[in-house]
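S.K.: Next comes the structure file model.cif, holding mmCIF, C-alpha atoms.
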data_work
#
loop_
_atom_site.group_PDB
_atom_site.id
_atom_site.type_symbol
_atom_site.label_atom_id
_atom_site.label_comp_id
_atom_site.auth_asym_id
_atom_site.auth_seq_id
_atom_site.Cartn_x
_atom_site.Cartn_y
_atom_site.Cartn_z
ATOM 1 C CA MET R 219 -99.586 -4.414 60.905
ATOM 2 C CA ALA R 220 -100.861 -7.817 59.822
ATOM 3 C CA ASP R 221 -99.166 -9.818 57.076
ATOM 4 C CA MET R 222 -100.717 -9.513 53.629
ATOM 5 C CA LYS R 223 -101.023 -12.688 51.591
ATOM 6 C CA VAL R 224 -100.126 -12.014 47.977
ATOM 7 C CA ARG R 225 -101.067 -14.620 45.367
ATOM 8 C CA VAL R 226 -101.177 -15.177 41.614
ATOM 9 C CA SER R 227 -102.411 -18.071 39.456
ATOM 10 C CA ALA R 228 -100.805 -18.905 36.146
ATOM 11 C CA GLN R 229 -101.616 -21.115 33.190
ATOM 12 C CA SER R 230 -99.147 -22.116 30.476
ATOM 13 C CA GLU R 231 -100.400 -21.261 27.000
ATOM 14 C CA ASN R 232 -97.401 -22.898 25.391
ATOM 15 C CA ALA R 233 -93.799 -23.751 26.316
ATOM 16 C CA THR R 234 -92.834 -20.080 26.766
ATOM 17 C CA LYS R 235 -96.077 -18.098 27.038
ATOM 18 C CA THR R 236 -97.786 -17.801 30.401
ATOM 19 C CA ILE R 237 -100.997 -16.023 31.365
ATOM 20 C CA VAL R 238 -100.931 -14.870 34.974
ATOM 21 C CA LYS R 239 -103.988 -13.702 36.908
ATOM 22 C CA ALA R 240 -103.355 -11.242 39.732
ATOM 23 C CA ARG R 241 -106.696 -10.124 41.192
ATOM 24 C CA ASN R 242 -108.631 -8.725 38.200
ATOM 25 C CA PHE R 243 -105.475 -8.201 36.123
ATOM 26 C CA GLU R 244 -103.836 -10.383 33.508
ATOM 27 C CA ILE R 245 -100.079 -10.468 32.939
ATOM 28 C CA VAL R 246 -98.823 -11.897 29.623
ATOM 29 C CA ILE R 247 -95.311 -13.369 29.768
ATOM 30 C CA ASP R 248 -93.367 -14.829 26.869
ATOM 31 C CA GLU R 249 -89.821 -15.190 25.564
ATOM 32 C CA PRO R 250 -88.344 -13.456 22.510
ATOM 33 C CA ALA R 251 -87.763 -15.550 19.386
ATOM 34 C CA GLU R 252 -84.011 -15.797 20.080
ATOM 35 C CA LEU R 253 -84.824 -17.560 23.363
ATOM 36 C CA GLY R 254 -87.269 -19.924 21.659
ATOM 37 C CA GLY R 255 -90.450 -18.010 22.360
ATOM 38 C CA THR R 256 -93.401 -16.448 20.570
ATOM 39 C CA ASP R 257 -92.577 -12.900 21.769
ATOM 40 C CA GLU R 258 -96.043 -11.886 22.912
ATOM 41 C CA GLY R 259 -94.884 -10.172 26.098
ATOM 42 C CA PRO R 260 -91.874 -9.259 28.205
ATOM 43 C CA ASN R 261 -89.988 -12.251 29.554
ATOM 44 C CA PRO R 262 -89.833 -13.290 33.226
ATOM 45 C CA VAL R 263 -86.515 -11.586 34.006
ATOM 46 C CA GLU R 264 -87.692 -8.335 32.386
ATOM 47 C CA TYR R 265 -90.752 -8.495 34.634
ATOM 48 C CA VAL R 266 -88.484 -8.895 37.662
ATOM 49 C CA LEU R 267 -86.583 -5.715 36.750
ATOM 50 C CA GLY R 268 -89.863 -3.954 35.932
ATOM 51 C CA ALA R 269 -91.361 -4.984 39.293
ATOM 52 C CA PHE R 270 -88.236 -3.644 40.990
ATOM 53 C CA ALA R 271 -88.639 -0.288 39.179
ATOM 54 C CA GLY R 272 -92.316 -0.118 40.151
ATOM 55 C CA CYS R 273 -91.486 -0.819 43.781
ATOM 56 C CA LEU R 274 -88.710 1.786 43.796
ATOM 57 C CA ASN R 275 -91.172 4.375 42.423
ATOM 58 C CA VAL R 276 -93.633 3.725 45.246
ATOM 59 C CA MET R 277 -90.853 3.951 47.838
ATOM 60 C CA ALA R 278 -89.352 7.031 46.164
ATOM 61 C CA HIS R 279 -92.615 8.892 46.786
ATOM 62 C CA VAL R 280 -93.279 7.478 50.275
ATOM 63 C CA VAL R 281 -89.795 8.469 51.467
ATOM 64 C CA ALA R 282 -89.809 11.867 49.696
ATOM 65 C CA LYS R 283 -92.989 12.755 51.588
ATOM 66 C CA GLU R 284 -91.392 11.759 54.893
ATOM 67 C CA LEU R 285 -88.349 13.936 54.124
ATOM 68 C CA ASN R 286 -90.518 16.889 52.997
ATOM 69 C CA MET R 287 -88.732 16.615 49.677
ATOM 70 C CA THR R 288 -90.567 17.768 46.557
ATOM 71 C CA LEU R 289 -90.490 14.972 43.988
ATOM 72 C CA ARG R 290 -92.083 15.923 40.689
ATOM 73 C CA GLY R 291 -91.343 12.530 39.160
ATOM 74 C CA VAL R 292 -88.616 9.922 38.793
ATOM 75 C CA LYS R 293 -87.096 7.928 35.960
ATOM 76 C CA ILE R 294 -85.664 4.556 36.902
ATOM 77 C CA ASP R 295 -83.319 2.407 34.813
ATOM 78 C CA VAL R 296 -82.733 -1.155 35.993
ATOM 79 C CA SER R 297 -80.361 -3.631 34.349
ATOM 80 C CA GLY R 298 -78.300 -6.697 35.044
ATOM 81 C CA PRO R 299 -76.237 -9.459 33.433
ATOM 82 C CA LEU R 300 -77.501 -13.030 33.329
ATOM 83 C CA ASN R 301 -76.000 -16.145 31.778
ATOM 84 C CA PRO R 302 -78.626 -18.486 30.266
ATOM 85 C CA ALA R 303 -76.303 -21.533 30.206
ATOM 86 C CA ARG R 304 -77.794 -23.115 33.335
ATOM 87 C CA LEU R 305 -81.370 -22.511 32.156
ATOM 88 C CA PHE R 306 -80.592 -24.384 28.938
ATOM 89 C CA GLY R 307 -78.675 -27.110 30.788
ATOM 90 C CA GLN R 308 -75.437 -26.359 28.931
ATOM 91 C CA SER R 309 -73.332 -25.642 32.018
ATOM 92 C CA PHE R 310 -73.902 -25.624 35.767
ATOM 93 C CA GLU R 311 -70.863 -23.507 36.670
ATOM 94 C CA GLU R 312 -72.674 -20.202 36.946
ATOM 95 C CA ARG R 313 -75.811 -19.212 38.790
ATOM 96 C CA ALA R 314 -79.105 -19.179 36.859
ATOM 97 C CA GLY R 315 -80.221 -15.633 37.644
ATOM 98 C CA PHE R 316 -78.930 -12.075 37.588
ATOM 99 C CA LYS R 317 -75.339 -11.843 38.840
ATOM 100 C CA GLU R 318 -75.934 -8.273 39.950
ATOM 101 C CA ILE R 319 -78.522 -5.582 39.407
ATOM 102 C CA SER R 320 -77.841 -1.888 38.775
ATOM 103 C CA VAL R 321 -80.391 0.818 39.448
ATOM 104 C CA VAL R 322 -80.115 4.423 38.283
ATOM 105 C CA LEU R 323 -82.596 6.840 39.855
ATOM 106 C CA LYS R 324 -83.204 10.135 38.036
ATOM 107 C CA PRO R 325 -85.399 12.233 40.335
ATOM 108 C CA ASP R 326 -87.009 15.481 39.202
ATOM 109 C CA THR R 327 -86.346 17.455 42.389
ATOM 110 C CA ASP R 328 -84.456 20.405 43.867
ATOM 111 C CA ALA R 329 -83.339 18.434 46.945
ATOM 112 C CA ASP R 330 -79.690 18.740 47.998
ATOM 113 C CA ASP R 331 -77.197 15.877 47.822
ATOM 114 C CA ALA R 332 -77.395 14.972 51.515
ATOM 115 C CA THR R 333 -81.173 14.640 51.320
ATOM 116 C CA LEU R 334 -80.954 12.596 48.118
ATOM 117 C CA GLU R 335 -78.448 10.235 49.712
ATOM 118 C CA LYS R 336 -80.772 9.675 52.669
ATOM 119 C CA TRP R 337 -83.692 9.230 50.278
ATOM 120 C CA ALA R 338 -81.958 6.595 48.143
ATOM 121 C CA LYS R 339 -80.766 4.659 51.193
ATOM 122 C CA ALA R 340 -84.249 4.461 52.724
ATOM 123 C CA ILE R 341 -85.809 3.487 49.372
ATOM 124 C CA GLU R 342 -83.396 0.608 48.979
ATOM 125 C CA ASP R 343 -83.879 -0.580 52.550
ATOM 126 C CA ARG R 344 -87.670 -0.471 52.571
ATOM 127 C CA CYS R 345 -88.628 -1.634 49.067
ATOM 128 C CA PRO R 346 -90.019 -5.185 49.301
ATOM 129 C CA VAL R 347 -88.661 -6.211 45.885
ATOM 130 C CA SER R 348 -85.217 -4.855 46.778
ATOM 131 C CA ASP R 349 -85.284 -6.967 49.956
ATOM 132 C CA ASN R 350 -86.297 -10.154 48.126
ATOM 133 C CA LEU R 351 -83.589 -9.662 45.485
ATOM 134 C CA GLN R 352 -80.792 -8.760 47.893
ATOM 135 C CA HIS R 353 -81.536 -11.287 50.624
ATOM 136 C CA THR R 354 -82.429 -14.969 50.763
ATOM 137 C CA THR R 355 -86.067 -16.086 50.832
ATOM 138 C CA PRO R 356 -87.220 -19.671 51.403
ATOM 139 C CA VAL R 357 -89.137 -21.124 48.458
ATOM 140 C CA SER R 358 -91.166 -24.328 48.715
ATOM 141 C CA VAL R 359 -92.268 -26.152 45.586
ATOM 142 C CA SER R 360 -94.939 -28.838 45.667
ATOM 143 C CA ILE R 361 -96.645 -30.856 42.949
ATOM 144 C CA LYS R 362 -100.384 -31.398 42.785
ATOM 145 C CA LYS R 363 -101.739 -33.896 40.304
ATOM 146 C CA MET G 22 -72.570 -18.916 26.524
ATOM 147 C CA ALA G 23 -72.107 -15.153 26.818
ATOM 148 C CA ASP G 24 -73.911 -13.105 29.458
ATOM 149 C CA MET G 25 -77.107 -11.403 28.306
ATOM 150 C CA LYS G 26 -77.684 -7.842 29.501
ATOM 151 C CA VAL G 27 -81.321 -7.384 30.500
ATOM 152 C CA ARG G 28 -82.628 -3.828 30.944
ATOM 153 C CA VAL G 29 -85.816 -1.883 31.500
ATOM 154 C CA SER G 30 -86.574 1.857 31.738
ATOM 155 C CA ALA G 31 -89.352 3.181 33.914
ATOM 156 C CA GLN G 32 -91.131 6.480 34.386
ATOM 157 C CA SER G 33 -93.346 7.379 37.333
ATOM 158 C CA GLU G 34 -96.779 8.524 36.268
ATOM 159 C CA ASN G 35 -97.762 9.307 39.823
ATOM 160 C CA ALA G 36 -96.770 8.214 43.347
ATOM 161 C CA THR G 37 -97.872 4.607 42.759
ATOM 162 C CA LYS G 38 -98.239 4.152 39.000
ATOM 163 C CA THR G 39 -95.189 3.294 36.927
ATOM 164 C CA ILE G 40 -94.862 2.727 33.186
ATOM 165 C CA VAL G 41 -92.014 0.332 32.387
ATOM 166 C CA LYS G 42 -90.573 -0.155 28.897
ATOM 167 C CA ALA G 43 -89.000 -3.554 28.205
ATOM 168 C CA ARG G 44 -87.935 -3.719 24.554
ATOM 169 C CA ASN G 45 -91.133 -2.947 22.591
ATOM 170 C CA PHE G 46 -93.405 -3.831 25.521
ATOM 171 C CA GLU G 47 -95.007 -1.668 28.163
ATOM 172 C CA ILE G 48 -95.696 -2.875 31.694
ATOM 173 C CA VAL G 49 -98.209 -0.917 33.796
ATOM 174 C CA ILE G 50 -97.675 -1.160 37.543
ATOM 175 C CA ASP G 51 -99.834 0.403 40.241
ATOM 176 C CA GLU G 52 -101.083 -0.206 43.769
ATOM 177 C CA PRO G 53 -104.648 -1.068 44.803
ATOM 178 C CA ALA G 54 -106.689 1.647 46.510
ATOM 179 C CA GLU G 55 -106.164 0.083 49.953
ATOM 180 C CA LEU G 56 -102.410 0.615 49.522
ATOM 181 C CA GLY G 57 -102.897 4.222 48.401
ATOM 182 C CA GLY G 58 -102.845 3.615 44.656
ATOM 183 C CA THR G 59 -104.968 4.203 41.567
ATOM 184 C CA ASP G 60 -105.325 0.460 40.807
ATOM 185 C CA GLU G 61 -104.514 0.561 37.102
ATOM 186 C CA GLY G 62 -102.348 -2.575 37.128
ATOM 187 C CA PRO G 63 -100.927 -5.345 39.307
ATOM 188 C CA ASN G 64 -98.596 -4.114 42.022
ATOM 189 C CA PRO G 65 -94.824 -4.739 42.129
ATOM 190 C CA VAL G 66 -94.962 -7.786 44.415
ATOM 191 C CA GLU G 67 -97.690 -9.389 42.276
ATOM 192 C CA TYR G 68 -95.408 -8.902 39.271
ATOM 193 C CA VAL G 69 -92.593 -10.645 41.151
ATOM 194 C CA LEU G 70 -94.785 -13.699 41.776
ATOM 195 C CA GLY G 71 -96.070 -13.547 38.183
ATOM 196 C CA ALA G 72 -92.508 -13.389 36.809
ATOM 197 C CA PHE G 73 -91.660 -16.393 38.967
ATOM 198 C CA ALA G 74 -94.628 -18.332 37.523
ATOM 199 C CA GLY G 75 -93.618 -17.386 33.967
ATOM 200 C CA CYS G 76 -90.060 -18.527 34.576
ATOM 201 C CA LEU G 77 -91.242 -21.802 36.107
ATOM 202 C CA ASN G 78 -93.399 -22.443 33.030
ATOM 203 C CA VAL G 79 -90.432 -22.021 30.685
ATOM 204 C CA MET G 80 -88.290 -24.309 32.843
ATOM 205 C CA ALA G 81 -91.135 -26.837 33.218
ATOM 206 C CA HIS G 82 -91.139 -27.305 29.454
ATOM 207 C CA VAL G 83 -87.351 -27.222 28.970
ATOM 208 C CA VAL G 84 -86.828 -29.894 31.637
ATOM 209 C CA ALA G 85 -89.810 -32.035 30.533
ATOM 210 C CA LYS G 86 -88.268 -32.207 27.065
ATOM 211 C CA GLU G 87 -84.930 -33.319 28.516
ATOM 212 C CA LEU G 88 -86.662 -36.036 30.552
ATOM 213 C CA ASN G 89 -88.768 -37.197 27.561
ATOM 214 C CA MET G 90 -91.772 -36.381 29.680
ATOM 215 C CA THR G 91 -95.005 -35.417 27.924
ATOM 216 C CA LEU G 92 -96.237 -32.138 29.381
ATOM 217 C CA ARG G 93 -99.561 -31.005 27.941
ATOM 218 C CA GLY G 94 -99.629 -27.900 30.105
ATOM 219 C CA VAL G 95 -99.070 -26.676 33.636
ATOM 220 C CA LYS G 96 -100.952 -24.524 36.131
ATOM 221 C CA ILE G 97 -98.816 -22.664 38.631
ATOM 222 C CA ASP G 98 -99.984 -21.006 41.847
ATOM 223 C CA VAL G 99 -97.506 -18.745 43.627
ATOM 224 C CA SER G 100 -98.146 -17.007 46.949
ATOM 225 C CA GLY G 101 -96.391 -15.548 49.934
ATOM 226 C CA PRO G 102 -96.866 -13.455 53.079
ATOM 227 C CA LEU G 103 -95.473 -9.939 53.308
ATOM 228 C CA ASN G 104 -95.716 -7.349 56.047
ATOM 229 C CA PRO G 105 -96.043 -3.769 54.741
ATOM 230 C CA ALA G 106 -94.994 -2.142 58.050
ATOM 231 C CA ARG G 107 -91.419 -1.432 56.931
ATOM 232 C CA LEU G 108 -92.560 -0.043 53.574
ATOM 233 C CA PHE G 109 -94.797 2.444 55.376
ATOM 234 C CA GLY G 110 -92.120 3.222 57.973
ATOM 235 C CA GLN G 111 -94.293 2.026 60.866
ATOM 236 C CA SER G 112 -91.851 -0.602 62.135
ATOM 237 C CA PHE G 113 -88.394 -1.859 61.183
ATOM 238 C CA GLU G 114 -88.591 -5.158 63.046
ATOM 239 C CA GLU G 115 -89.551 -7.303 60.067
ATOM 240 C CA ARG G 116 -88.096 -7.572 56.589
ATOM 241 C CA ALA G 117 -89.708 -5.543 53.790
ATOM 242 C CA GLY G 118 -90.322 -8.351 51.316
ATOM 243 C CA PHE G 119 -91.868 -11.797 51.137
ATOM 244 C CA LYS G 120 -90.997 -13.898 54.194
ATOM 245 C CA GLU G 121 -91.383 -17.059 52.138
ATOM 246 C CA ILE G 122 -92.834 -18.063 48.798
ATOM 247 C CA SER G 123 -94.932 -21.172 48.068
ATOM 248 C CA VAL G 124 -95.254 -22.664 44.613
ATOM 249 C CA VAL G 125 -97.788 -25.308 43.615
ATOM 250 C CA LEU G 126 -97.180 -26.938 40.212
ATOM 251 C CA LYS G 127 -100.133 -28.728 38.600
ATOM 252 C CA PRO G 128 -98.763 -30.485 35.518
ATOM 253 C CA ASP G 129 -101.010 -32.106 32.927
ATOM 254 C CA THR G 130 -98.917 -35.239 32.407
ATOM 255 C CA ASP G 131 -98.841 -39.013 32.822
ATOM 256 C CA ALA G 132 -95.287 -39.012 34.241
ATOM 257 C CA ASP G 133 -94.642 -41.124 37.334
ATOM 258 C CA ASP G 134 -93.791 -39.673 40.748
ATOM 259 C CA ALA G 135 -90.047 -40.280 40.481
ATOM 260 C CA THR G 136 -89.879 -38.412 37.163
ATOM 261 C CA LEU G 137 -92.011 -35.576 38.532
ATOM 262 C CA GLU G 138 -89.732 -35.233 41.551
ATOM 263 C CA LYS G 139 -86.675 -34.967 39.296
ATOM 264 C CA TRP G 140 -88.546 -32.527 37.069
ATOM 265 C CA ALA G 141 -89.534 -30.191 39.927
ATOM 266 C CA LYS G 142 -86.030 -30.229 41.411
ATOM 267 C CA ALA G 143 -84.371 -29.257 38.112
ATOM 268 C CA ILE G 144 -86.969 -26.532 37.460
ATOM 269 C CA GLU G 145 -86.304 -24.960 40.825
ATOM 270 C CA ASP G 146 -82.530 -25.154 40.429
ATOM 271 C CA ARG G 147 -82.349 -23.720 36.916
ATOM 272 C CA CYS G 148 -85.060 -21.037 36.888
ATOM 273 C CA PRO G 149 -83.350 -17.614 36.950
ATOM 274 C CA VAL G 150 -86.125 -15.982 38.986
ATOM 275 C CA SER G 151 -86.029 -18.848 41.511
ATOM 276 C CA ASP G 152 -82.286 -18.279 41.891
ATOM 277 C CA ASN G 153 -82.626 -14.513 42.412
ATOM 278 C CA LEU G 154 -85.379 -14.994 45.001
ATOM 279 C CA GLN G 155 -83.698 -17.777 46.945
ATOM 280 C CA HIS G 156 -80.132 -16.442 46.923
ATOM 281 C CA THR G 157 -78.492 -13.070 47.503
ATOM 282 C CA THR G 158 -77.795 -10.727 44.592
ATOM 283 C CA PRO G 159 -75.774 -7.499 44.849
ATOM 284 C CA VAL G 160 -77.809 -4.396 43.998
ATOM 285 C CA SER G 161 -76.177 -1.009 43.349
ATOM 286 C CA VAL G 162 -78.272 2.144 43.413
ATOM 287 C CA SER G 163 -76.966 5.423 42.000
ATOM 288 C CA ILE G 164 -78.566 8.836 41.541
ATOM 289 C CA LYS G 165 -78.288 10.860 38.355
ATOM 290 C CA LYS G 166 -79.490 14.427 38.353
#
Would you mind writing the file out in structure tokens?

M.R.:
Amino acid sequence: MADMKVRVSAQSENATKTIVKARNFEIVIDEPAELGGTDEGPNPVEYVLGAFAGCLNVMAHVVAKELNMTLRGVKIDVSGPLNPARLFGQSFEERAGFKEISVVLKPDTDADDATLEKWAKAIEDRCPVSDNLQHTTPVSVSIKK
Amino acid sequence: MADMKVRVSAQSENATKTIVKARNFEIVIDEPAELGGTDEGPNPVEYVLGAFAGCLNVMAHVVAKELNMTLRGVKIDVSGPLNPARLFGQSFEERAGFKEISVVLKPDTDADDATLEKWAKAIEDRCPVSDNLQHTTPVSVSIKK
């Protein structure tokens, strides 16, 4: 298969609120008041966990089909600890992002444990967001005036 | 500073559409028709790039303030190539996620090049989403029936 090029364009509305265009969709990002924001949308790290959940749902269904496993639906909880000290420039001892991420999958299914184990393993391996969170990805930043 | 615990809860609406709750917000995720979806929202990998842009905007303003740099606004383009072969189970030769991610920052500012260089470097280093994309993060997946 050929590579897909995925792209978004964003515009700051203020110091915390960002309007992102992805194709014909608009994503509103902000920070809660306690992080200095105007609280008009989820914040960036909530969107990362949400994107991960959305990706896991797609994979959950793709893999269930391959395994002939009936999947009537799935609930997905995603969480992780993050220390904002580096973001605010108060300390550079800890990393800026999530230290770890926990996922709990709650499938509505009659599949047995062995099948579910196989299912979860394939989901984790083949989900693009899971890959980008678990492994390194080169990022290049350039400035255009 | 103490760690923050960030969490979201998601429910599949169908094989591609996911409704995510983040605090009092709802995030709608789907896939476009060409990826088998019902196209009712951006897809997971678009949300990842959008979250990255939102995080860069917050950091752009935090760091500009520290540098006494006037920042009237910033446009942010984020893009990357991704091969969906692994997701669809057609080939396991390539990684599932973005191979690389490019960011173009277009600040509305009169700052000189040296200041802008310092600004961009600090943004990249201190943005939580940048950290989680560029470096490894442990992910644990469990199943609850």

S.K.: The PyMOL selection byres ((chain R and resi 246-255) around 8) - which residues does that actually catch in the file I just gave you? List them as a list in words.

M.R.: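 This file, filtered by the PyMOL selection byres ((chain R and resi 246-255) around 8), leaves Ala233, Thr234, Lys235, Thr236, Ile237, Val238, Glu244, Ile245, Thr256, Asp257, Glu258, Gly259, Pro260, Asn261 and Pro262 of chain R; Ala72 and Gly75 of chain G.
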
S.K.: Apply the PyMOL selection byres ((chain R and resi 284-292) around 6) to the file shown and report the selected residues as a PDB file with C-alpha atoms, keeping the file's coordinate frame.

M.R.:
ATOM      1  CA  VAL R 281     -89.795   8.469  51.467  1.00  0.00           C
ATOM      2  CA  ALA R 282     -89.809  11.867  49.696  1.00  0.00           C
ATOM      3  CA  LYS R 283     -92.989  12.755  51.588  1.00  0.00           C
ATOM      4  CA  LYS R 293     -87.096   7.928  35.960  1.00  0.00           C
ATOM      5  CA  LYS R 324     -83.204  10.135  38.036  1.00  0.00           C
ATOM      6  CA  PRO R 325     -85.399  12.233  40.335  1.00  0.00           C
ATOM      7  CA  ASP R 326     -87.009  15.481  39.202  1.00  0.00           C
ATOM      8  CA  THR R 327     -86.346  17.455  42.389  1.00  0.00           C
TER       9      THR R 327
ATOM     10  CA  SER G  33     -93.346   7.379  37.333  1.00  0.00           C
TER      11      SER G  33
END

S.K.: Evaluate the PyMOL selection byres ((chain G and resi 153) around 10) here and jot the selected residues down as a PyMOL selection string.

M.R.: (chain R and resi 263+266+313-318+350-355) or (chain G and resi 73+148-152+154-158)

S.K.: Just checking: using only C-alpha atoms, which residue out of R:Leu323, R:Ser227, R:Val357, R:Ile294 ends up closest to Leu267 in chain R?

M.R.: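 Using only C-alpha atoms, Leu267 in chain R sits closest to R:Ile294.
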
S.K.: Which protein, DNA or RNA residues have an atom at most 9 Å from (-98.6, -10.2, 48.6), counting all atoms listed in the file? List them as a list in words.

M.R.: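 So the residues meeting the distance criterion are Asp221, Met222, Lys223, Val224, Arg225 and Val226 of chain R; Asn64, Val66, Glu67, Leu70, Ser100, Gly101, Pro102, Leu103, Asn104, Gly118 and Phe119 of chain G.
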
S.K.: How many Å lie between CA of Glu342 in chain R and CA of Ser112 in chain G, rounded to one decimal?

M.R.: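 Straight-line distance from CA of Glu342 in chain R to CA of Ser112 in chain G works out to 15.7 Å.
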
S.K.: As AutoDock Vina command-line options, please report the centre and edge lengths, rounded to one decimal in Å, of the axis-aligned box that holds all listed atoms of range 149-162 of chain G with 8 Å of padding on each of the six sides.

M.R.:
--center_x -80.9 --center_y -8.4 --center_z 42.2 --size_x 26.4 --size_y 37.0 --size_z 26.6

S.K.: Measure the distance from CA of Lys362 in chain R to CA of Trp140 in chain G in Å and round it to one decimal.

M.R.: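 Those two atoms sit 13.2 Å apart.
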
S.K.: Quick check, in Å to one decimal: how far apart do CA of Asn45 in chain G and CA of Asp295 in chain R lie?

M.R.: 15.5 Å

S.K.: Restricting the calculation to all atoms listed in the file, which member of R:Val322, R:Val296, R:Val359, R:Val280 is positioned closest to Gln111 in chain G?

M.R.: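 Of all the options, R:Val280 lies closest to Gln111 in chain G.
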
S.K.: Identify which of the residues G:Leu108, G:Ala135, G:Ile144, G:Leu77 lies closest to chain R, counting all atoms listed in the file when measuring atom-to-atom distances.

M.R.: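 Checking each candidate against chain R, we get G:Leu108 as the closest.
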
S.K.: Filtering to C-alpha atoms, could range 313-343 of chain R of the supplied structure be written out as a PDB file, in the first residue's frame?

M.R.:
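What landed in part.pdb:
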ATOM      1  CA  ARG R 313       9.906  14.534  31.048  1.00  0.00           C
ATOM      2  CA  ALA R 314       7.222  16.863  29.651  1.00  0.00           C
ATOM      3  CA  GLY R 315       4.671  14.259  28.579  1.00  0.00           C
ATOM      4  CA  PHE R 316       2.844  11.225  29.915  1.00  0.00           C
ATOM      5  CA  LYS R 317       5.126   8.983  31.984  1.00  0.00           C
ATOM      6  CA  GLU R 318       2.991   5.978  31.124  1.00  0.00           C
ATOM      7  CA  ILE R 319      -0.415   5.313  29.644  1.00  0.00           C
ATOM      8  CA  SER R 320      -2.946   2.743  30.866  1.00  0.00           C
ATOM      9  CA  VAL R 321      -5.689   1.352  28.671  1.00  0.00           C
ATOM     10  CA  VAL R 322      -8.646  -0.694  29.895  1.00  0.00           C
ATOM     11  CA  LEU R 323     -10.672  -2.420  27.178  1.00  0.00           C
ATOM     12  CA  LYS R 324     -14.205  -3.532  28.085  1.00  0.00           C
ATOM     13  CA  PRO R 325     -15.481  -5.553  25.120  1.00  0.00           C
ATOM     14  CA  ASP R 326     -19.105  -6.649  24.815  1.00  0.00           C
ATOM     15  CA  THR R 327     -18.411 -10.168  23.538  1.00  0.00           C
ATOM     16  CA  ASP R 328     -18.701 -13.870  24.352  1.00  0.00           C
ATOM     17  CA  ALA R 329     -15.146 -14.637  23.178  1.00  0.00           C
ATOM     18  CA  ASP R 330     -12.992 -16.839  25.420  1.00  0.00           C
ATOM     19  CA  ASP R 331      -9.902 -15.599  27.253  1.00  0.00           C
ATOM     20  CA  ALA R 332      -7.391 -16.997  24.757  1.00  0.00           C
ATOM     21  CA  THR R 333      -9.128 -15.222  21.884  1.00  0.00           C
ATOM     22  CA  LEU R 334      -9.348 -11.976  23.857  1.00  0.00           C
ATOM     23  CA  GLU R 335      -5.642 -12.126  24.653  1.00  0.00           C
ATOM     24  CA  LYS R 336      -4.810 -12.550  20.967  1.00  0.00           C
ATOM     25  CA  TRP R 337      -7.230  -9.750  20.108  1.00  0.00           C
ATOM     26  CA  ALA R 338      -5.726  -7.261  22.567  1.00  0.00           C
ATOM     27  CA  LYS R 339      -2.173  -8.064  21.472  1.00  0.00           C
ATOM     28  CA  ALA R 340      -2.926  -7.492  17.782  1.00  0.00           C
ATOM     29  CA  ILE R 341      -4.834  -4.266  18.538  1.00  0.00           C
ATOM     30  CA  GLU R 342      -1.890  -2.860  20.441  1.00  0.00           C
ATOM     31  CA  ASP R 343       0.609  -3.875  17.772  1.00  0.00           C
TER      32      ASP R 343
END
